[in-house]
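Trainee: Dropping the structure in here first, questions after.
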Number of protein chains: 2
Amino acid sequence: MSRGSVGQRSETVRRANLSAILRELHASGPLSRSELVARTGLTRSAIRALIGEFVAADLVGEERADPLGAPGRPSPVVRLNPQRAFVIALEIAVDSLAAARVGLGGQVLDLRRVDRPRRHFAPEEIVADLARLAAGLRQGRRADGDLMGVGVAVVGVARRSDGFVSTAPNLGWHNVPLGDRVRAALGSAAPISVANEADLGALAEARRGAARGSDDVLFVSGEVGVGGGIIVDGKPMSGVAGYGGEVGHIAVNPDGRPCRCGSIGCWETEVGEGALLLRAGHPVDGGRAAVDAVLLEAAAGSSGTLDAMEAIGHWLGIGLASLVNVFNPRLIVLGGLFGRIHPFVRERLEAELDRRALPASRELVRIVPASLGVDAPLLGAAELAFEPLLADPSHWLPPRDLLVLASA
Amino acid sequence: MSRGSVGQRSETVRRANLSAILRELHASGPLSRSELVARTGLTRSAIRALIGEFVAADLVGEERADPLGAPGRPSPVVRLNPQRAFVIALEIAVDSLAAARVGLGGQVLDLRRVDRPRRHFAPEEIVADLARLAAGLRQGRRADGDLMGVGVAVVGVARRSDGFVSTAPNLGWHNVPLGDRVRAALGSAAPISVANEADLGALAEARRGAARGSDDVLFVSGEVGVGGGIIVDGKPMSGVAGYGGEVGHIAVNPDGRPCRCGSIGCWETEVGEGALLLRAGHPVDGGRAAVDAVLLEAAAGSSGTLDAMEAIGHWLGIGLASLVNVFNPRLIVLGGLFGRIHPFVRERLEAELDRRALPASRELVRIVPASLGVDAPLLGAAELAFEPLLADPSHWLPPRDLLVLASA
């Protein structure tokens with residue numbers, strides 16, 4: 001068979017193989033060459049040559065494996081260099097702003113989070129605060145590390161292509177070109193990606209948290225609003241423009257309360273922070289302090305508060321049953337407020353699922369609290385920012401000898 | 001660069017390239033070699049060699065293109081041979097059974113549909129009826145055509161891996177190993193795949209109907225129950241075991257009617273056939289004849305019937321708004337009953353979407369009736385049955401000369 005009938009251009013294949021190797025190392029940490037052979041399906045000689053390219057770019061290092069125990073010549077261990085390539089992750093949450101410097105492989109090199117009052121601020125104020133926070137991040141040990149990208153998690157509905165935020169009710173924003181504003185404030189040429197914070201929480205929990213290893217996952221996060229991030233067949237589902245996953249706005253109660261989105265009886269009107277505070281007898285606008293108080297009362301066994309949790313569990317179960325029937329997921333990860341109240345709502349929530357979800361899907365799904373806590377969306381923003389590098393590392397590698405290439 | 005560092009084994013690449021070519025021809029019909037080069041990104045010499053393999057297996061033929069008009073040497077046109085490779089598609093619907101013989105490329109070679117009463121029948125009776133229907137299909141012109149697979153659409157919840165039907169309320173079935181039963185009844189060694197009829201309707205509409213060319217599609221089909229098929233990023237979303245897409249069982253009315261699934265206030269209790277008949281003053285169990293009468297009354301302008309349509313449109317809009325917020329689709333295709341009533345419910349449905357869906361997602365979505373009509377699930381079953389061939393055609397090709405392979 002001639003080379004031509006293999007068909008796929010060798011450069012395309014090389015890029016796909018570089019990407020496969022980098023994704024494995026980024027997701028799993030240090031791996032021996034043998035493990036990389038097993039996981040990528042590439043030949044040993046291909047792994048050796050491609051790792052050589054990464055080593056030349058200082059993106060990875062190799063070291064002798066511990067020879068103890070294993071017979072034969074030990075396979076060198078390949079390890080990413082988190083100082084060489086890093087990203088900046090930013091988050092605009094309801095109660096806080098955050099910035100982090102995250103190295104290739106997911107190592108958090110520095111992270112700063114500051115409270116912010118829940119008032120509405122103009123986009124330029126918040127972006128300026130974020131830029132200051134990012135500028136204050138500790139520099140790496142090496143001055144020559146490369147900023148590979150910037151990821152932004154926002155509590156709003158963001159268009160994936162350009163980071164345009166069509167609406168963010170908690171910020172009072174409509175039609176804000178957030179990606180452009182962040183680019184201007186940072187003064188960086190690195191690619192900037194913006195996504196909804198629940199989508200990014202899902203991504204982080206799937207890559208590094210409670211949903212690691214699961215391909216069909218719903219991440220449902222409670223805050224003032226209710227956000228959702230959906231992983232279908234191992235990939236984030238974002239819809240045609242990145243607006244998907246707005247599970248807080250499924251209609252569960254057509255005779256219910258008006259929702260901030262303009263509709264009536266959305267799920268978040270029954271299970272969001274306001275609904276919990278109202279049922280537990282606290283001021284609806286009490287914010288984090290009031291939520292902390294409700295959790296303390298629940299832990300102390302206050303019957304009124306436990307009744308409120310029961311009601312929230314009931315409505316949580318109704319909405320989750322609908323999502324289970326639509327998605328047939330393996331795992332539901334409860335984040336934010338829902339992760340915190342999980343111990344108090346679990347029993348009722350599971351009972352509603354038993355009653356309302358189709359048995360075939362019901363018996364396959366587990367419901368667990370998130371494991372990355374409040375930082376999940378920020379870590380997801382870092383994952384998003386690494387995506388261009390992971391998808392095609394060849395842009396960051398030194399040019400190869402054209403004579404060698406020509407002999408292929 | 002050495003061959004080894006290209007890495008991916010040439011056999012894997014060959015299979016992927018054969019698959020890409022066959023999928024293009026199957027989806028788009030006859031294409032010139034030049035068009036195949038443009039669509040697959042393969043080199044001209046690779047296309048020539050791979051087409052040669054298909055021609056040797058008689059799966060495709062080549063013919064001279066019409067030389068008129070185009071300058072230079074015309075590119076030969078490559079055309080599938082629908083008689084050489086075919087599938088059997090079967091459907092178990094609420095009111096009918098159907099069987100079809102469909103050639104590679106999607107050509108329907110023969111199709112038989114028979115009414116069935118809505119009573120519950122034991123699985124063995126229905127499977128025997130289906131087998132008789134399949135045996136009665138006209139044979140092809142050539143005796144040596146190969147049966148590539150069997151696809152079955154069933155009005156129930158089916159596990160993708162083995163065709164196990166966990167529940168099919170309209171048939172009165174629970175835990176029926178439908179795949180195994182069809183295999184035994186047909187006495188065929190061809191692979192058998194089973195899926196939910198709405199999932200398959202979505203697949204057919206996406207490949208050959210109203211949703212052709214759209215990557216993010218909801219297919220929502222009304223019958224006695226309400227089924228859904230969801231295309232995410234160009235691929236059917238089926239969930240962890242193939243049970244996903246049961247949009248008829250999202251809870252829209254917590255104080256509503258009991259649903260056959262055991263829950264309360266599912267969407268199908270408000271928009272299914274029974275709800276329409278009830279609101280229009282017909283017996284709920286009137287079946288197709290009653291539905292036909294309702295449509296005639298609506299067309300004649302009966303105000304009571306139009307009021308009923310208005311109410312159905314209201315509830316259709318509520319459920320669709322939830323799905324739009326969760327999926328951010330480009331297109332919603334209304335199938336079955338919903339396709340038929342679309343002219344009468346459209347206005348109210350669109351108004352509810354305006355009111356209840358998030359504006360960013362709302363403005364991107366169009367709602368259209370299905371274009372393949374009642375046969376959409378059956379045609380989708382054929383697509384499902386072609387999948388093993390399309391995914392890896394190499395199994396059906398003559399063994400290649402090993403000496404030639406070794407020289408690659």
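Each chain of the structure tokens is named A, B, ... in the order shown, its residues numbered from 1; ligands are numbered from 1 in display order.
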Skipping near chain neighbours, those fewer than 2 positions away, what residues fall within 6 Å of range 48-59 of chain B using only C-alpha atoms, listed as a VMD selection string?
Mentor: (chain A and resid 5) or (chain B and resid 45 to 46 61 81 397)
Trainee: List every residue of range 111-290 of chain B that DSSP, applied to the backbone of this structure, assigns to strand (DSSP E or B), and report them as an NGL selection string.
Mentor: :B and (111-115 or 146-154 or 157-158 or 164-168 or 173-177 or 192-196 or 217-222 or 226-232 or 235-237 or 251 or 258 or 264 or 266)
Trainee: Please produce a file of those selected residues containing C-alpha atoms, as a JSON list (two decimals), in the first residue's frame.
Mentor:
[["chain", "number", "residue", "atom", "x", "y", "z"],
["B", 111, "LEU", "CA", -41.85, -1.06, 3.26],
["B", 112, "ARG", "CA", -44.87, -2.74, 4.86],
["B", 113, "ARG", "CA", -46.99, -1.29, 7.65],
["B", 114, "VAL", "CA", -49.99, -3.01, 9.23],
["B", 115, "ASP", "CA", -52.40, -1.62, 11.79],
["B", 146, "ASP", "CA", -25.84, -8.79, 2.29],
["B", 147, "LEU", "CA", -28.04, -8.13, 5.30],
["B", 148, "MET", "CA", -25.85, -5.79, 7.33],
["B", 149, "GLY", "CA", -28.00, -5.44, 10.39],
["B", 150, "VAL", "CA", -31.45, -5.18, 11.89],
["B", 151, "GLY", "CA", -32.76, -2.07, 13.65],
["B", 152, "VAL", "CA", -35.85, -2.03, 15.82],
["B", 153, "ALA", "CA", -37.80, 1.05, 16.91],
["B", 154, "VAL", "CA", -40.01, 0.42, 19.92],
["B", 157, "VAL", "CA", -37.54, 2.48, 27.06],
["B", 158, "ALA", "CA", -34.76, 0.37, 25.55],
["B", 164, "PHE", "CA", -33.56, -4.98, 26.63],
["B", 165, "VAL", "CA", -36.86, -3.10, 27.03],
["B", 166, "SER", "CA", -37.31, -2.16, 30.65],
["B", 167, "THR", "CA", -40.75, -0.69, 30.19],
["B", 168, "ALA", "CA", -43.22, -0.01, 27.38],
["B", 173, "TRP", "CA", -44.36, -4.68, 28.70],
["B", 174, "HIS", "CA", -41.86, -4.82, 31.51],
["B", 175, "ASN", "CA", -38.35, -6.23, 31.28],
["B", 176, "VAL", "CA", -38.60, -7.79, 27.83],
["B", 177, "PRO", "CA", -35.37, -8.98, 26.15],
["B", 192, "ILE", "CA", -29.62, -6.36, 16.03],
["B", 193, "SER", "CA", -30.02, -2.93, 17.59],
["B", 194, "VAL", "CA", -33.04, -1.68, 19.48],
["B", 195, "ALA", "CA", -33.87, 1.88, 20.48],
["B", 196, "ASN", "CA", -36.72, 4.09, 21.51],
["B", 217, "VAL", "CA", -31.79, 19.34, 17.72],
["B", 218, "LEU", "CA", -34.70, 18.30, 19.89],
["B", 219, "PHE", "CA", -37.21, 15.94, 18.34],
["B", 220, "VAL", "CA", -40.40, 15.89, 20.39],
["B", 221, "SER", "CA", -43.02, 13.43, 19.30],
["B", 222, "GLY", "CA", -46.56, 13.21, 20.53],
["B", 226, "VAL", "CA", -44.66, 11.90, 24.51],
["B", 227, "GLY", "CA", -41.21, 10.87, 23.36],
["B", 228, "GLY", "CA", -38.06, 12.80, 22.78],
["B", 229, "GLY", "CA", -34.92, 12.32, 20.79],
["B", 230, "ILE", "CA", -32.02, 14.65, 21.36],
["B", 231, "ILE", "CA", -29.10, 15.41, 19.06],
["B", 232, "VAL", "CA", -26.19, 17.09, 20.84],
["B", 235, "LYS", "CA", -24.70, 12.93, 17.82],
["B", 236, "PRO", "CA", -27.72, 11.23, 19.42],
["B", 237, "MET", "CA", -27.70, 11.70, 23.18],
["B", 251, "ALA", "CA", -42.77, 17.26, 35.78],
["B", 258, "PRO", "CA", -51.25, 10.84, 37.72],
["B", 264, "ILE", "CA", -47.68, 13.00, 38.88],
["B", 266, "CYS", "CA", -45.67, 14.65, 33.78]]
Trainee: From the set A:Ile332, A:Ala206, A:Ala357, A:Ala381, which residue has the shortest atom-to-atom contact distance to chain B, counting only C-alpha atoms?
Mentor: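 Closest to chain B of all the choices is A:Ala357.
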Trainee: Need the shell around Asp292 in chain A: protein/DNA/RNA residues with any atom at most 12 Å away, counting only C-alpha atoms. Skip same-chain ones fewer than 2 positions apart. Format as a PyMOL selection string?
Mentor: chain A and resi 273+276-277+280+282+286-290+294-299+337+340-341
Trainee: Just write the chosen residues, C-alpha atoms, as a short mmCIF file (atom, residue, chain, number, x, y, z; two decimals), in the first residue's frame.
Mentor:
data_model
loop_
_atom_site.label_atom_id
_atom_site.label_comp_id
_atom_site.auth_asym_id
_atom_site.auth_seq_id
_atom_site.Cartn_x
_atom_site.Cartn_y
_atom_site.Cartn_z
CA GLU A 273 -31.27 30.41 48.31
CA LEU A 276 -34.67 28.21 51.60
CA LEU A 277 -34.36 31.43 53.60
CA ALA A 280 -36.66 28.79 57.25
CA HIS A 282 -35.00 34.28 57.56
CA GLY A 286 -30.00 37.77 54.19
CA GLY A 287 -27.21 36.48 51.99
CA ARG A 288 -24.43 34.21 53.12
CA ALA A 289 -24.76 35.07 56.82
CA ALA A 290 -28.40 33.98 56.82
CA VAL A 294 -29.90 28.19 58.62
CA LEU A 295 -27.26 25.47 58.34
CA LEU A 296 -26.37 25.85 62.03
CA GLU A 297 -30.05 25.62 63.00
CA ALA A 298 -30.48 22.52 60.88
CA ALA A 299 -27.41 20.91 62.44
CA LEU A 337 -25.66 25.56 48.45
CA ARG A 340 -23.92 22.15 51.84
CA ILE A 341 -27.55 21.18 52.52
#
Trainee: What are the DSSP alpha helix (DSSP H) residues of range 126-287 of chain A, as an mmCIF file with C-alpha atoms, in the first residue's frame?
Mentor:
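This is the output file result-v9.cif:
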data_model
loop_
_atom_site.group_PDB
_atom_site.id
_atom_site.type_symbol
_atom_site.label_atom_id
_atom_site.label_comp_id
_atom_site.auth_asym_id
_atom_site.auth_seq_id
_atom_site.Cartn_x
_atom_site.Cartn_y
_atom_site.Cartn_z
ATOM 1 C CA ILE A 126 -15.822 44.346 38.421
ATOM 2 C CA VAL A 127 -13.389 43.753 35.577
ATOM 3 C CA ALA A 128 -10.974 46.314 37.058
ATOM 4 C CA ASP A 129 -11.186 44.526 40.438
ATOM 5 C CA LEU A 130 -10.517 41.198 38.724
ATOM 6 C CA ALA A 131 -7.517 42.619 36.859
ATOM 7 C CA ARG A 132 -6.054 43.935 40.136
ATOM 8 C CA LEU A 133 -6.590 40.540 41.758
ATOM 9 C CA ALA A 134 -4.863 38.823 38.832
ATOM 10 C CA ALA A 135 -1.965 41.284 38.911
ATOM 11 C CA LEU A 178 -17.140 40.450 29.008
ATOM 12 C CA GLY A 179 -14.467 38.688 26.956
ATOM 13 C CA ASP A 180 -13.453 41.954 25.269
ATOM 14 C CA ARG A 181 -13.445 43.862 28.566
ATOM 15 C CA VAL A 182 -11.253 41.290 30.296
ATOM 16 C CA ARG A 183 -8.868 41.312 27.337
ATOM 17 C CA ALA A 184 -8.548 45.091 27.509
ATOM 18 C CA ALA A 185 -8.107 45.130 31.300
ATOM 19 C CA LEU A 186 -5.450 42.420 31.328
ATOM 20 C CA GLU A 197 -19.876 29.124 36.369
ATOM 21 C CA ALA A 198 -22.045 26.030 36.741
ATOM 22 C CA ASP A 199 -20.841 24.719 33.366
ATOM 23 C CA LEU A 200 -17.287 25.198 34.567
ATOM 24 C CA GLY A 201 -18.016 23.653 37.969
ATOM 25 C CA ALA A 202 -19.218 20.593 36.091
ATOM 26 C CA LEU A 203 -16.061 20.527 33.991
ATOM 27 C CA ALA A 204 -13.844 20.718 37.075
ATOM 28 C CA GLU A 205 -15.780 18.076 38.999
ATOM 29 C CA ALA A 206 -15.647 15.799 35.942
ATOM 30 C CA ARG A 207 -11.885 16.245 35.437
ATOM 31 C CA ARG A 208 -10.657 16.506 39.028
ATOM 32 C CA TRP A 267 -37.109 25.481 39.604
ATOM 33 C CA GLU A 268 -34.910 28.113 41.234
ATOM 34 C CA THR A 269 -37.951 29.852 42.708
ATOM 35 C CA GLU A 270 -38.577 26.661 44.719
ATOM 36 C CA VAL A 271 -35.040 25.547 45.602
ATOM 37 C CA GLU A 273 -31.270 30.409 48.313
ATOM 38 C CA GLY A 274 -34.269 32.741 48.584
ATOM 39 C CA ALA A 275 -36.725 29.832 48.830
ATOM 40 C CA LEU A 276 -34.669 28.207 51.596
ATOM 41 C CA LEU A 277 -34.362 31.428 53.599
ATOM 42 C CA LEU A 278 -38.067 32.179 53.204
ATOM 43 C CA ARG A 279 -39.125 28.728 54.358
ATOM 44 C CA GLY A 287 -27.207 36.481 51.990
#
Trainee: Between A:Ala100, A:Ala122, A:Val108, A:Leu358, single out the one closest to Cys259 in chain B, counting only C-alpha atoms.
Mentor: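 Looking at the shortest contact to Cys259 in chain B, the residue is A:Leu358.
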Trainee: What are the closest atom pairs, with distances in Å to one decimal, for each residue of range 122-234 of chain A lying within 9 Å of range 239-247 of chain B, using only C-alpha atoms, rows by chain and rising residue number, as CSV?
Mentor:
residue,atom,partner,partner_atom,distance
A:Asp215,CA,B:Val240,CA,7.8
A:Asp216,CA,B:Val240,CA,6.1
A:Val232,CA,B:Gly239,CA,7.2
A:Asp233,CA,B:Gly239,CA,7.6
Trainee: Next, the residues of the selection above should be written as a PDB file, in the first residue's frame with N, CA and C atoms.
Mentor:
ATOM      1  N   ASP A 215     -18.815   9.564  32.537  1.00  0.00           N
ATOM      2  CA  ASP A 215     -19.008  10.211  31.238  1.00  0.00           C
ATOM      3  C   ASP A 215     -20.337  10.942  31.118  1.00  0.00           C
ATOM      4  N   ASP A 216     -21.294  10.608  31.974  1.00  0.00           N
ATOM      5  CA  ASP A 216     -22.624  11.207  31.856  1.00  0.00           C
ATOM      6  C   ASP A 216     -22.997  11.776  33.216  1.00  0.00           C
ATOM      7  N   VAL A 232     -22.086  15.183  28.654  1.00  0.00           N
ATOM      8  CA  VAL A 232     -22.699  14.127  27.856  1.00  0.00           C
ATOM      9  C   VAL A 232     -21.590  13.357  27.158  1.00  0.00           C
ATOM     10  N   ASP A 233     -21.497  12.084  27.448  1.00  0.00           N
ATOM     11  CA  ASP A 233     -20.524  11.239  26.769  1.00  0.00           C
ATOM     12  C   ASP A 233     -19.100  11.812  26.934  1.00  0.00           C
TER      13      ASP A 233
END
Trainee: Find the distance between CA of Ala189 in chain B and CA of Val87 in chain B and write it in Å to one decimal.
Mentor: 12.5 Å
Trainee: Suppose you want the space between CA of Gly319 in chain A and CA of Val252 in chain A; what is it in Å?
Mentor: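 Separating CA of Gly319 in chain A from CA of Val252 in chain A is a distance of 6.8 Å.
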Trainee: Calculated over only C-alpha atoms, which of the candidates B:Gly234, B:Pro398, B:Pro388, B:Gly225 has the smallest distance to Gly248 in chain B?
Mentor: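 Using only C-alpha atoms, the shortest distance to Gly248 in chain B belongs to B:Gly225.
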Trainee: Near Val77 in chain A, within 8 Å and counting only C-alpha atoms, which residues show up once chain neighbours fewer than 4 positions away are dropped, as a list in words?
Mentor: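 That gives Pro30, Leu31, Ser32, Arg33, Glu62, Glu63, Arg64 and Ala65 of chain A.
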Trainee: Using only C-alpha atoms, which of the listed residues (A:Gly335, A:Pro117, A:Pro254, A:Pro343) sits closest to Glu223 in chain A?
Mentor: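 Smallest separation from Glu223 in chain A among the options: A:Gly335.
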Trainee: I want to know what sits within 10 Å of Leu389 in chain A, based on only C-alpha atoms, with residues of the same chain fewer than 5 positions away left out; could you give that as a list in words?
Mentor: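 These residues fall inside the cut-off: Ser19, Leu22, Arg23, Ala85, Leu104, Met148, Gly149, Ser394, His395 and Trp396 of chain A.
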Trainee: Kindly save the residues from that selection, with C-alpha atoms included, as a compact mmCIF listing (two decimals), in the first residue's frame.
Mentor:
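Wrote it out as result-v2.txt, contents follow:
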# COMPACT_ATOMS: atom_id res chain seq x y z
CA SER A 19 -2.88 16.30 21.93
CA LEU A 22 -0.78 16.04 26.68
CA ARG A 23 -4.40 15.39 27.70
CA ALA A 85 2.90 26.73 30.91
CA LEU A 104 -0.29 22.73 33.26
CA MET A 148 -1.40 29.95 27.69
CA GLY A 149 -4.83 31.44 28.16
CA SER A 394 1.95 21.88 18.12
CA HIS A 395 1.73 25.70 18.12
CA TRP A 396 3.81 25.81 21.29
Trainee: Would you please work out which residue, of B:Asn253, B:Ser161, B:Ser75, B:Gln139, is nearest to chain A when using only C-alpha atoms?
Mentor: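 Among the listed residues, the smallest separation from chain A belongs to B:Asn253.
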Trainee: Kindly give the distance, in Å, that separates CA of Gly317 in chain A and CA of Ala211 in chain A, rounded to a single decimal.
Mentor: 19.8 Å
